[in-house]
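Heads up: the structure comes next, in structure tokens.
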Amino acid sequence: MEYLVFLNHETFVWSCDEEAARKSQSIYFPNVEGINYHDGKLYFVSKRTSFLYVLDFDTGTYVSSNTKDFSMYDGEFQASPDNLVRTEEGKFLYFTEDGGKTPGVYAVDESGNSYAIFEAYGSMYHGDEATGLAFSPDGTRMYACFQDCGCEVSGDPDCGCLIEFRRDDGRTFDGRAMGLKSHPLDL
């Protein structure tokens, strides 16, 4: 078994040295969440630092960006990043939010434009967590969960809910003609 070790703010290695890996994680990416691999790159987030990391396996380098710098369209993405999913064609990196006033699903496209795909408004969702993001094999359906969703079933105030989304035009969530407004990002 090998562990991820950041050597500095640009390069990384895989190492059998667990102690070095734990030290690296505590400095660079504590409380790691949401991981996704696509086209030679590994994506993950740190909930504590609110950073998105992209490791390039071919070069042994990585880039990072602060998710709180994202200017989400009509979005408040001010809490912690959580789950990550890259679409099959790789045009979008979707992620969920843990906490905040409007937990939901957000996306960044190949050009660095950001989007709020959906957000939960209302005080009952404040501090909730959008989780479990997935897409159907044909990409026409998106699934996400809220851990609490402000409901109460049989006296349990944290019942959660699973939601399915479909586009009205029947197309995939890879962004073609989605009609979304965007804001550019520096990734």
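Here, A, B, ... name the chains of the structure tokens in the order displayed, residue numbers run from 1 inside each chain, and ligands are numbered from 1 in the same displayed order.
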
Tell me, which residues of region 40-170 of chain A carry DSSP helix (DSSP H, G or I), written as a list of chain:residue names?
A:Thr67, A:Lys68, A:Asp69, A:Ser123, A:Met124, A:Tyr125

Output N, CA, C and O atoms for every residue in that selection, as a PDB file, in the first residue's frame.
```pdb
ATOM      1  N   THR A  67     -12.169  26.449  -2.955  1.00  0.00           N
ATOM      2  CA  THR A  67     -13.554  26.373  -3.421  1.00  0.00           C
ATOM      3  C   THR A  67     -14.380  27.556  -2.941  1.00  0.00           C
ATOM      4  O   THR A  67     -15.422  27.845  -3.506  1.00  0.00           O
ATOM      5  N   LYS A  68     -13.933  28.263  -1.944  1.00  0.00           N
ATOM      6  CA  LYS A  68     -14.673  29.446  -1.491  1.00  0.00           C
ATOM      7  C   LYS A  68     -14.419  30.647  -2.390  1.00  0.00           C
ATOM      8  O   LYS A  68     -15.073  31.664  -2.250  1.00  0.00           O
ATOM      9  N   ASP A  69     -13.473  30.522  -3.339  1.00  0.00           N
ATOM     10  CA  ASP A  69     -13.254  31.584  -4.320  1.00  0.00           C
ATOM     11  C   ASP A  69     -14.219  31.465  -5.493  1.00  0.00           C
ATOM     12  O   ASP A  69     -14.281  32.322  -6.349  1.00  0.00           O
ATOM     13  N   SER A 123     -34.952  27.727   5.627  1.00  0.00           N
ATOM     14  CA  SER A 123     -34.211  27.530   6.873  1.00  0.00           C
ATOM     15  C   SER A 123     -34.086  26.064   7.264  1.00  0.00           C
ATOM     16  O   SER A 123     -33.133  25.682   7.919  1.00  0.00           O
ATOM     17  N   MET A 124     -35.023  25.223   6.852  1.00  0.00           N
ATOM     18  CA  MET A 124     -34.937  23.807   7.218  1.00  0.00           C
ATOM     19  C   MET A 124     -33.730  23.120   6.584  1.00  0.00           C
ATOM     20  O   MET A 124     -33.305  22.068   7.033  1.00  0.00           O
ATOM     21  N   TYR A 125     -33.127  23.717   5.540  1.00  0.00           N
ATOM     22  CA  TYR A 125     -31.960  23.130   4.883  1.00  0.00           C
ATOM     23  C   TYR A 125     -30.635  23.723   5.366  1.00  0.00           C
ATOM     24  O   TYR A 125     -29.576  23.223   5.022  1.00  0.00           O
TER      25      TYR A 125
END
```

What's around Phe146 (chain A) at 7 Å? Count only C-alpha atoms, leave out sequence neighbours fewer than 5 positions away in its own chain, and write the answer as a ChimeraX atom specification.
/A:128-131,160-162

Output file for the residues above (N, CA, C and O atoms, as an mmCIF file, in the first residue's frame):
```
data_model
loop_
_atom_site.group_PDB
_atom_site.id
_atom_site.type_symbol
_atom_site.label_atom_id
_atom_site.label_comp_id
_atom_site.auth_asym_id
_atom_site.auth_seq_id
_atom_site.Cartn_x
_atom_site.Cartn_y
_atom_site.Cartn_z
ATOM 1 N N ASP A 128 -27.561 21.594 6.290
ATOM 2 C CA ASP A 128 -27.742 20.239 5.772
ATOM 3 C C ASP A 128 -26.565 19.887 4.859
ATOM 4 O O ASP A 128 -25.701 20.716 4.584
ATOM 5 N N GLU A 129 -26.543 18.685 4.371
ATOM 6 C CA GLU A 129 -25.455 18.236 3.505
ATOM 7 C C GLU A 129 -26.017 17.531 2.282
ATOM 8 O O GLU A 129 -26.784 16.584 2.403
ATOM 9 N N ALA A 130 -25.649 18.027 1.096
ATOM 10 C CA ALA A 130 -25.964 17.321 -0.147
ATOM 11 C C ALA A 130 -24.885 16.255 -0.334
ATOM 12 O O ALA A 130 -23.691 16.550 -0.238
ATOM 13 N N THR A 131 -25.299 15.018 -0.583
ATOM 14 C CA THR A 131 -24.348 13.903 -0.658
ATOM 15 C C THR A 131 -24.720 12.944 -1.777
ATOM 16 O O THR A 131 -25.755 13.087 -2.430
ATOM 17 N N GLY A 160 -33.566 12.425 6.019
ATOM 18 C CA GLY A 160 -32.883 12.409 4.726
ATOM 19 C C GLY A 160 -33.833 12.168 3.570
ATOM 20 O O GLY A 160 -34.991 11.809 3.745
ATOM 21 N N CYS A 161 -33.324 12.408 2.356
ATOM 22 C CA CYS A 161 -34.121 12.152 1.164
ATOM 23 C C CYS A 161 -33.207 11.984 -0.044
ATOM 24 O O CYS A 161 -32.109 12.521 -0.088
ATOM 25 N N LEU A 162 -33.647 11.216 -1.007
ATOM 26 C CA LEU A 162 -32.943 10.957 -2.259
ATOM 27 C C LEU A 162 -33.767 11.565 -3.383
ATOM 28 O O LEU A 162 -34.979 11.365 -3.444
#
```

At a cut-off of 7 Å, using only C-alpha atoms, what residues contact Val108 (chain A)? Leave out same-chain residues fewer than 6 positions from it and give the result as a ChimeraX atom specification.
/A:92-94,114-115

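Counting only C-alpha atoms, Tyr143 (chain A) has the following residues at most 6 Å away, ignoring those fewer than 3 positions along the same chain: Leu133, Ala134, Ile163 and Glu164 of chain A.
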
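Each of A:Ile117, A:Leu55, A:Ala144, A:Val105 was checked against Glu10 (chain A) using only C-alpha atoms; the smallest atom-to-atom distance is that of A:Leu55.
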
Nearest-residue call for Val5 (chain A), choices A:Glu18, A:Asp56, A:Asp98, A:Glu119, using only C-alpha atoms
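Among the listed residues, the smallest separation from Val5 (chain A) belongs to A:Glu18.
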
Which polymer residues have any atom within 9 Å of an atom of Leu4 (chain A), counting only C-alpha atoms, with same-chain residues fewer than 5 positions away left out, as a list in words?
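Skipping anything fewer than 5 positions along the chain leaves Phe12, Val13, Trp14, Ser15, Cys16, Glu18, Ala20, Ala21, Arg22, Ser24 and Gln25 of chain A.
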
Using only C-alpha atoms, which residue out of A:Phe44, A:Tyr106, A:Tyr62, A:Tyr3 lies closest to Glu19 (chain A)?
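Of the candidates, the smallest distance to Glu19 (chain A) is held by A:Tyr3.
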
Write down as JSON, numbers by chain the residues of region 22-75 of chain A whose backbone DSSP state falls under strand (DSSP E or B).
{"A": [32, 33, 34, 35, 36, 37, 38, 41, 42, 43, 44, 45, 46, 51, 52, 53, 54, 55, 56, 61, 62, 63, 64, 65, 66]}

For the residues selected in the previous step, produce a file with C-alpha atoms as a tab-separated table (two decimals), in the first residue's frame.
```
chain	number	residue	atom	x	y	z
A	32	VAL	CA	-10.11	14.72	2.79
A	33	GLU	CA	-13.42	13.99	1.01
A	34	GLY	CA	-14.86	13.33	-2.42
A	35	ILE	CA	-12.46	11.65	-4.79
A	36	ASN	CA	-12.76	11.09	-8.54
A	37	TYR	CA	-10.41	9.90	-11.28
A	38	HIS	CA	-10.66	10.98	-14.91
A	41	LYS	CA	-6.01	13.04	-13.13
A	42	LEU	CA	-7.19	12.47	-9.60
A	43	TYR	CA	-9.56	15.03	-8.06
A	44	PHE	CA	-10.28	15.38	-4.35
A	45	VAL	CA	-11.23	18.01	-1.79
A	46	SER	CA	-10.28	18.95	1.75
A	51	PHE	CA	-9.48	23.29	-1.39
A	52	LEU	CA	-9.94	21.25	-4.56
A	53	TYR	CA	-6.80	19.33	-5.59
A	54	VAL	CA	-6.09	17.95	-9.06
A	55	LEU	CA	-3.20	15.48	-9.28
A	56	ASP	CA	-1.64	14.87	-12.69
A	61	THR	CA	2.42	17.61	-10.18
A	62	TYR	CA	-0.78	19.03	-8.77
A	63	VAL	CA	-2.79	22.23	-8.73
A	64	SER	CA	-5.18	23.42	-6.08
A	65	SER	CA	-7.88	26.05	-5.82
A	66	ASN	CA	-9.92	27.36	-2.94
```

Go ahead and compute the interatomic distance for CA of Asp148 (chain A) and CA of Asn31 (chain A), in Å to one decimal.
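Computing the Euclidean distance for CA of Asp148 (chain A) and CA of Asn31 (chain A) yields 21.2 Å.
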
May I ask for the distance between CA of Gly100 (chain A) and CA of Ser80 (chain A), given in Å to one decimal place?
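So the answer is 7.9 Å.
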
For a test of reading the model, state the distance in Å between CA of Met142 (chain A) and CA of Phe165 (chain A), rounded to one decimal.
5.1 Å

Kindly indicate which residue among A:Arg166, A:Ala120, A:Gly132, A:Lys101 lies nearest to Asp82 (chain A), using only C-alpha atoms for the distances.
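Smallest distance to Asp82 (chain A) is found for A:Gly132.
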